[in-house]
Amino acid sequence: MPIITQAKSAAVVIDDEKCIAEKGCRVCVDVCPLDILAIDERRQKAYMKYDECWYCMPCEVDCPTNAVKVNIPYLLR
Amino acid sequence: MHISEIGFCSGHSASGVWVDEQARTTIPGLYAVGDMASVPHNYMLGAFVNGGIAGADAAAYCAATSLPEYDAGDLLVEQERVLAPTRRADGLTPHEMEFKTRRFVNDYLEPPKVTAKMELGQRRFAEIREDLDHLCARDPHELLRALEMQTILDCADMAAAASLYRTESRWGFYHLRTDHPETDNRNWNCHTVLYKDASGRMAHAKRAVDPFIVPVAAAEMGAYHQLRVKTPAAAE
Ligand SMILES: Cc1cc2nc3c(=O)[nH]c(=O)nc-3n(C[C@H](O)[C@H](O)[C@H](O)COP(=O)(O)OP(=O)(O)OC[C@H]3O[C@@H](n4cnc5c(N)ncnc54)[C@H](O)[C@@H]3O)c2cc1C
Ligand code: SF4
Ligand code: SF4
């Protein structure tokens, strides 16, 4: 069975202007206990890869440049 | 999968891996702590203390035990089982297989427990198990979810089997069986244990409840039996 990709709005938003992943930063990826953040290899920016966030917040708190914003997901607002 | 899904492991379902006071399982050298062991009503302090005790005992066990021989063939078989979802380019995703399993748990196993529904659930779980040959993982994260999904399916099967075995009702709504609504202390004031028999099939046993360390007044013991839970009419 082929696999399709379904679009969803991301609750965890990274500010590309502030994100310094291109300098090797991986803090948010490393602290996320759910393993849902990743670095976009082409853009060299962090992004929410999987829709499995638990809203525990260390990504937002630990990011050295305040680039991460964890929003309440649309379904819970 | 969301936070609100029913939890059917350990304390939340009055079940878990059987351990003694040092968190030893019935397999020498294998320990289980916290939520997945018998720390009732899952909470962090319990998990920390339980983990500390287990760690100390496990360290002592390791110091006194040399690494036994093991079968390299067994290791390869397990490795292949773990990595199987990565060998497929397409198929069923961990998310949909997990979602379906959890939905069946909600639909067929939730109290009030109905025998016919739980047996139906068992058949549906078996169908999902047949579909495991299509489980597909495209990256390490999906492999993690693929493995967790298989464990959830095991838990679902165990929950159904253990619930069917205990032919009485106990703990208020927790184990309210429509077709066995009475509490039967003569036969079921005991733990029930699931294990694999010689042919690898799920089997049941009863295990006596140890005397309480802290005495509980008889009046308090009855609390669970005075819940004002409506017993629904038998559905079969
Ligand atoms: C939403 C929610 C809120 C809670 N709030 C509170 C609270 O306010 N106060 C409180 O005291 N408790 C609370 N709890 C309960 C508490 O969080 C848990 O009881 C505690 O975290 C359990 O710890 P644990 O180490 O037993 O299990 P876990 O923390 O679940 O650890 C199990 C670990 O095993 C790993 N694992 C699983 N399968 C495998 C495998 N096959 N191989 C390798 N690793 C594996 C998992 O990734 C995980 O890291 C809450 C629980 C939830 C779900
Ligand atoms: S922690 Fe902040 S700066 Fe670092 S990769 Fe993540 S978003 Fe970018
Ligand atoms: S809030 Fe928690 S789960 Fe969500 S992305 Fe941040 S660290 Fe990961």
# chains A, B, ... in the order shown; residues from 1 in each chain; ligands from 1

call {"tool": "residues_near_ligand", "arguments": {"ligand": "ligand 2", "cutoff": "12 Å", "atoms": "only C-alpha atoms and all ligand atoms", "output": "PyMOL selection string"}}
result
chain A and resi 12-32+36-41+43-48+57-70

call {"tool": "residues_around", "arguments": {"residues": "Ser163 in chain B", "least_positions_apart": "2", "cutoff": "9 Å", "atoms": "only C-alpha atoms", "output": "ChimeraX atom specification"}}
result
/B:109,113,115,118,158-161,165-167,175,177

call {"tool": "write_last_selection", "arguments": {"atoms": "N, CA and C atoms", "output": "tab-separated table (two decimals), in the first residue's frame"}}
result
chain	number	residue	atom	x	y	z
B	109	LEU	N	-12.77	-3.25	25.02
B	109	LEU	CA	-12.28	-3.68	26.34
B	109	LEU	C	-12.71	-2.77	27.48
B	113	LYS	N	-17.33	-4.28	31.16
B	113	LYS	CA	-16.75	-5.27	30.27
B	113	LYS	C	-17.79	-6.35	29.92
B	115	THR	N	-18.39	-9.94	27.90
B	115	THR	CA	-17.63	-11.08	27.39
B	115	THR	C	-17.61	-11.13	25.86
B	118	MET	N	-15.41	-8.49	24.38
B	118	MET	CA	-13.98	-8.71	24.56
B	118	MET	C	-13.46	-9.81	23.64
B	158	MET	N	-3.13	-8.84	26.20
B	158	MET	CA	-3.02	-9.27	27.60
B	158	MET	C	-4.19	-8.73	28.41
B	159	ALA	N	-4.59	-7.49	28.15
B	159	ALA	CA	-5.70	-6.90	28.88
B	159	ALA	C	-6.99	-7.69	28.62
B	160	ALA	N	-7.20	-8.07	27.37
B	160	ALA	CA	-8.41	-8.83	27.03
B	160	ALA	C	-8.39	-10.19	27.72
B	161	ALA	N	-7.24	-10.87	27.63
B	161	ALA	CA	-7.16	-12.23	28.20
B	161	ALA	C	-7.33	-12.18	29.72
B	165	TYR	N	-10.37	-13.80	32.05
B	165	TYR	CA	-10.03	-14.84	33.03
B	165	TYR	C	-10.75	-14.59	34.35
B	166	ARG	N	-10.78	-13.34	34.79
B	166	ARG	CA	-11.36	-13.02	36.10
B	166	ARG	C	-12.87	-12.91	35.98
B	167	THR	N	-13.56	-14.03	36.24
B	167	THR	CA	-15.01	-14.08	36.03
B	167	THR	C	-15.77	-13.59	37.27
B	175	HIS	N	-13.13	-3.08	36.96
B	175	HIS	CA	-13.35	-4.43	36.41
B	175	HIS	C	-14.80	-4.81	36.64
B	177	ARG	N	-17.82	-6.49	35.19
B	177	ARG	CA	-18.19	-7.40	34.10
B	177	ARG	C	-19.69	-7.58	34.09

call {"tool": "interface_residues", "arguments": {"of": "chain A", "to": "chain B", "cutoff": "12 Å", "atoms": "only C-alpha atoms", "output": "list in words"}}
result
Met1, Pro2, Ile3, Ile4, Thr5, Pro33, Leu34, Asp35, Ile36, Leu37, Ala38, Lys49, Tyr50, Asp51, Glu52, Cys53, Trp54, Tyr55, Cys56, Pro73, Leu75 and Leu76 of chain A

call {"tool": "write_last_selection", "arguments": {"atoms": "N, CA, C and O atoms", "output": "PDB file, in the first residue's frame"}}
result
ATOM      1  N   MET A   1       0.849  -1.200   0.000  1.00  0.00           N
ATOM      2  CA  MET A   1       0.000   0.000   0.000  1.00  0.00           C
ATOM      3  C   MET A   1       0.881   1.247   0.000  1.00  0.00           C
ATOM      4  O   MET A   1       1.738   1.365   0.865  1.00  0.00           O
ATOM      5  N   PRO A   2       0.712   2.135  -0.954  1.00  0.00           N
ATOM      6  CA  PRO A   2       1.574   3.325  -0.937  1.00  0.00           C
ATOM      7  C   PRO A   2       1.245   4.236   0.247  1.00  0.00           C
ATOM      8  O   PRO A   2       0.118   4.250   0.715  1.00  0.00           O
ATOM      9  N   ILE A   3       2.227   5.001   0.684  1.00  0.00           N
ATOM     10  CA  ILE A   3       2.040   5.894   1.832  1.00  0.00           C
ATOM     11  C   ILE A   3       1.865   7.328   1.336  1.00  0.00           C
ATOM     12  O   ILE A   3       2.628   7.800   0.491  1.00  0.00           O
ATOM     13  N   ILE A   4       0.840   8.000   1.853  1.00  0.00           N
ATOM     14  CA  ILE A   4       0.623   9.396   1.476  1.00  0.00           C
ATOM     15  C   ILE A   4       1.030  10.304   2.633  1.00  0.00           C
ATOM     16  O   ILE A   4       1.165   9.852   3.766  1.00  0.00           O
ATOM     17  N   THR A   5       1.213  11.570   2.358  1.00  0.00           N
ATOM     18  CA  THR A   5       1.520  12.539   3.415  1.00  0.00           C
ATOM     19  C   THR A   5       0.341  13.487   3.534  1.00  0.00           C
ATOM     20  O   THR A   5      -0.114  14.051   2.547  1.00  0.00           O
ATOM     21  N   PRO A  33      11.786  15.232  24.315  1.00  0.00           N
ATOM     22  CA  PRO A  33      11.674  13.829  24.737  1.00  0.00           C
ATOM     23  C   PRO A  33      10.854  12.990  23.758  1.00  0.00           C
ATOM     24  O   PRO A  33      10.906  11.772  23.808  1.00  0.00           O
ATOM     25  N   LEU A  34      10.107  13.636  22.892  1.00  0.00           N
ATOM     26  CA  LEU A  34       9.267  12.902  21.946  1.00  0.00           C
ATOM     27  C   LEU A  34       9.947  12.717  20.597  1.00  0.00           C
ATOM     28  O   LEU A  34       9.384  12.095  19.699  1.00  0.00           O
ATOM     29  N   ASP A  35      11.146  13.302  20.439  1.00  0.00           N
ATOM     30  CA  ASP A  35      11.909  13.120  19.203  1.00  0.00           C
ATOM     31  C   ASP A  35      11.129  13.602  17.978  1.00  0.00           C
ATOM     32  O   ASP A  35      11.105  12.943  16.949  1.00  0.00           O
ATOM     33  N   ILE A  36      10.497  14.758  18.088  1.00  0.00           N
ATOM     34  CA  ILE A  36       9.646  15.196  16.971  1.00  0.00           C
ATOM     35  C   ILE A  36      10.248  16.360  16.193  1.00  0.00           C
ATOM     36  O   ILE A  36       9.727  16.733  15.152  1.00  0.00           O
ATOM     37  N   LEU A  37      11.330  16.964  16.707  1.00  0.00           N
ATOM     38  CA  LEU A  37      11.946  18.082  15.991  1.00  0.00           C
ATOM     39  C   LEU A  37      13.138  17.567  15.188  1.00  0.00           C
ATOM     40  O   LEU A  37      13.773  16.587  15.561  1.00  0.00           O
ATOM     41  N   ALA A  38      13.421  18.236  14.079  1.00  0.00           N
ATOM     42  CA  ALA A  38      14.528  17.804  13.219  1.00  0.00           C
ATOM     43  C   ALA A  38      15.112  19.025  12.529  1.00  0.00           C
ATOM     44  O   ALA A  38      14.543  20.122  12.598  1.00  0.00           O
ATOM     45  N   LYS A  49       8.839  17.978  12.801  1.00  0.00           N
ATOM     46  CA  LYS A  49       8.740  16.957  11.767  1.00  0.00           C
ATOM     47  C   LYS A  49       7.541  16.029  11.966  1.00  0.00           C
ATOM     48  O   LYS A  49       6.970  15.530  11.016  1.00  0.00           O
ATOM     49  N   TYR A  50       7.212  15.735  13.241  1.00  0.00           N
ATOM     50  CA  TYR A  50       6.115  14.803  13.524  1.00  0.00           C
ATOM     51  C   TYR A  50       5.072  15.478  14.404  1.00  0.00           C
ATOM     52  O   TYR A  50       5.424  16.197  15.345  1.00  0.00           O
ATOM     53  N   ASP A  51       3.817  15.206  14.126  1.00  0.00           N
ATOM     54  CA  ASP A  51       2.723  15.803  14.888  1.00  0.00           C
ATOM     55  C   ASP A  51       2.451  14.974  16.145  1.00  0.00           C
ATOM     56  O   ASP A  51       1.402  14.359  16.276  1.00  0.00           O
ATOM     57  N   GLU A  52       3.438  14.949  17.055  1.00  0.00           N
ATOM     58  CA  GLU A  52       3.295  14.126  18.262  1.00  0.00           C
ATOM     59  C   GLU A  52       3.726  14.907  19.498  1.00  0.00           C
ATOM     60  O   GLU A  52       4.260  14.354  20.456  1.00  0.00           O
ATOM     61  N   CYS A  53       3.534  16.234  19.477  1.00  0.00           N
ATOM     62  CA  CYS A  53       4.010  17.093  20.567  1.00  0.00           C
ATOM     63  C   CYS A  53       3.201  16.869  21.846  1.00  0.00           C
ATOM     64  O   CYS A  53       1.996  16.666  21.795  1.00  0.00           O
ATOM     65  N   TRP A  54       3.896  16.904  22.990  1.00  0.00           N
ATOM     66  CA  TRP A  54       3.232  16.778  24.295  1.00  0.00           C
ATOM     67  C   TRP A  54       3.209  18.108  25.043  1.00  0.00           C
ATOM     68  O   TRP A  54       2.884  18.146  26.215  1.00  0.00           O
ATOM     69  N   TYR A  55       3.680  19.163  24.417  1.00  0.00           N
ATOM     70  CA  TYR A  55       3.606  20.512  25.000  1.00  0.00           C
ATOM     71  C   TYR A  55       4.319  20.593  26.346  1.00  0.00           C
ATOM     72  O   TYR A  55       3.832  21.201  27.291  1.00  0.00           O
ATOM     73  N   CYS A  56       5.502  19.993  26.405  1.00  0.00           N
ATOM     74  CA  CYS A  56       6.250  19.969  27.662  1.00  0.00           C
ATOM     75  C   CYS A  56       7.233  21.138  27.749  1.00  0.00           C
ATOM     76  O   CYS A  56       7.781  21.406  28.808  1.00  0.00           O
ATOM     77  N   PRO A  73      -2.277  23.623  20.136  1.00  0.00           N
ATOM     78  CA  PRO A  73      -2.702  23.175  18.806  1.00  0.00           C
ATOM     79  C   PRO A  73      -4.142  23.582  18.519  1.00  0.00           C
ATOM     80  O   PRO A  73      -4.950  23.741  19.431  1.00  0.00           O
ATOM     81  N   LEU A  75      -6.654  21.977  17.500  1.00  0.00           N
ATOM     82  CA  LEU A  75      -7.703  21.070  17.985  1.00  0.00           C
ATOM     83  C   LEU A  75      -8.016  21.255  19.469  1.00  0.00           C
ATOM     84  O   LEU A  75      -9.060  20.838  19.938  1.00  0.00           O
ATOM     85  N   LEU A  76      -7.104  21.853  20.225  1.00  0.00           N
ATOM     86  CA  LEU A  76      -7.331  22.033  21.667  1.00  0.00           C
ATOM     87  C   LEU A  76      -7.712  23.466  22.022  1.00  0.00           C
ATOM     88  O   LEU A  76      -8.007  23.759  23.165  1.00  0.00           O
TER      89      LEU A  76
END

call {"tool": "select_by_dssp", "arguments": {"residues": "chain A", "states": "strand (DSSP E or B)", "output": "list in words"}}
result
Val12, Val13, Ile14, Leu37, Ala38, Ile39, Asp40, Lys45, Ala46, Tyr47, Met48, Val68, Lys69 and Val70 of chain A

call {"tool": "residues_near_ligand", "arguments": {"ligand": "ligand 1", "cutoff": "7 Å", "atoms": "only C-alpha atoms and all ligand atoms", "output": "PyMOL selection string"}}
result
chain B and resi 3+33-36+42-45+47+147-148

call {"tool": "closest_residue", "arguments": {"among": "B:Leu76, B:Val82, B:Cys62, B:Ala218", "to": "Pro28 in chain B", "atoms": "only C-alpha atoms"}}
result
B:Cys62

call {"tool": "closest_residue", "arguments": {"among": "B:Asn50, B:Asp154, B:Cys190, B:Val229", "to": "Glu168 in chain B", "atoms": "only C-alpha atoms"}}
result
B:Cys190

call {"tool": "atom_distance", "arguments": {"atom1": "CA of Ala14 in chain B", "atom2": "CA of Leu164 in chain B"}}
result
14.7 Å

call {"tool": "atom_distance", "arguments": {"atom1": "CA of Ile128 in chain B", "atom2": "CA of Pro111 in chain B"}}
result
22.0 Å

call {"tool": "select_by_dssp", "arguments": {"residues": "chain A", "states": "helix (DSSP H, G or I)", "output": "MDAnalysis selection string"}}
result
chainID A and resid 21:23 27:31 58:62 74:76

call {"tool": "residues_around", "arguments": {"residues": "Asn185 in chain B", "least_positions_apart": "3", "cutoff": "12 Å", "atoms": "only C-alpha atoms", "output": "PyMOL selection string"}}
result
chain B and resi 166-170+182+188-191+208-209+222+225

call {"tool": "write_last_selection", "arguments": {"atoms": "N, CA and C atoms", "output": "CSV table (one decimal), in the first residue's frame"}}
result
chain,number,residue,atom,x,y,z
B,166,ARG,N,-10.8,-13.3,34.8
B,166,ARG,CA,-11.4,-13.0,36.1
B,166,ARG,C,-12.9,-12.9,36.0
B,167,THR,N,-13.6,-14.0,36.2
B,167,THR,CA,-15.0,-14.1,36.0
B,167,THR,C,-15.8,-13.6,37.3
B,168,GLU,N,-15.5,-12.3,37.6
B,168,GLU,CA,-16.3,-11.7,38.7
B,168,GLU,C,-16.1,-10.2,38.4
B,169,SER,N,-16.7,-9.3,39.3
B,169,SER,CA,-16.5,-7.9,39.2
B,169,SER,C,-15.7,-7.4,40.4
B,170,ARG,N,-14.8,-6.4,40.3
B,170,ARG,CA,-14.0,-6.0,41.4
B,170,ARG,C,-13.5,-4.6,41.1
B,182,GLU,N,-21.1,-9.8,40.3
B,182,GLU,CA,-20.8,-9.9,41.7
B,182,GLU,C,-19.3,-10.0,42.0
B,188,TRP,N,-11.7,-15.3,43.7
B,188,TRP,CA,-11.0,-14.3,43.0
B,188,TRP,C,-10.3,-13.3,43.9
B,189,ASN,N,-10.2,-13.5,45.2
B,189,ASN,CA,-9.5,-12.5,46.1
B,189,ASN,C,-8.0,-12.9,46.0
B,190,CYS,N,-7.5,-12.7,44.8
B,190,CYS,CA,-6.1,-13.1,44.5
B,190,CYS,C,-5.6,-12.3,43.3
B,191,HIS,N,-4.3,-12.3,43.0
B,191,HIS,CA,-3.8,-11.7,41.8
B,191,HIS,C,-4.0,-12.7,40.7
B,208,ALA,N,-1.6,-15.9,45.3
B,208,ALA,CA,-2.2,-15.4,46.5
B,208,ALA,C,-1.8,-14.0,46.8
B,209,VAL,N,-2.6,-13.2,47.5
B,209,VAL,CA,-2.2,-11.8,47.9
B,209,VAL,C,-1.5,-12.0,49.2
B,222,GLY,N,-13.9,-2.3,52.5
B,222,GLY,CA,-15.1,-2.4,51.7
B,222,GLY,C,-15.4,-1.3,50.8
B,225,HIS,N,-16.5,-1.7,47.4
B,225,HIS,CA,-17.7,-2.4,47.1
B,225,HIS,C,-19.0,-1.6,47.5

call {"tool": "atom_distance", "arguments": {"atom1": "CA of Asn71 in chain A", "atom2": "atom 7 (S, counted along the ligand's line) of ligand 3"}}
result
11.9 Å

call {"tool": "residues_around", "arguments": {"residues": "Thr151 in chain B", "least_positions_apart": "6", "cutoff": "10 Å", "atoms": "only C-alpha atoms", "output": "ChimeraX atom specification"}}
result
/B:98,145,157
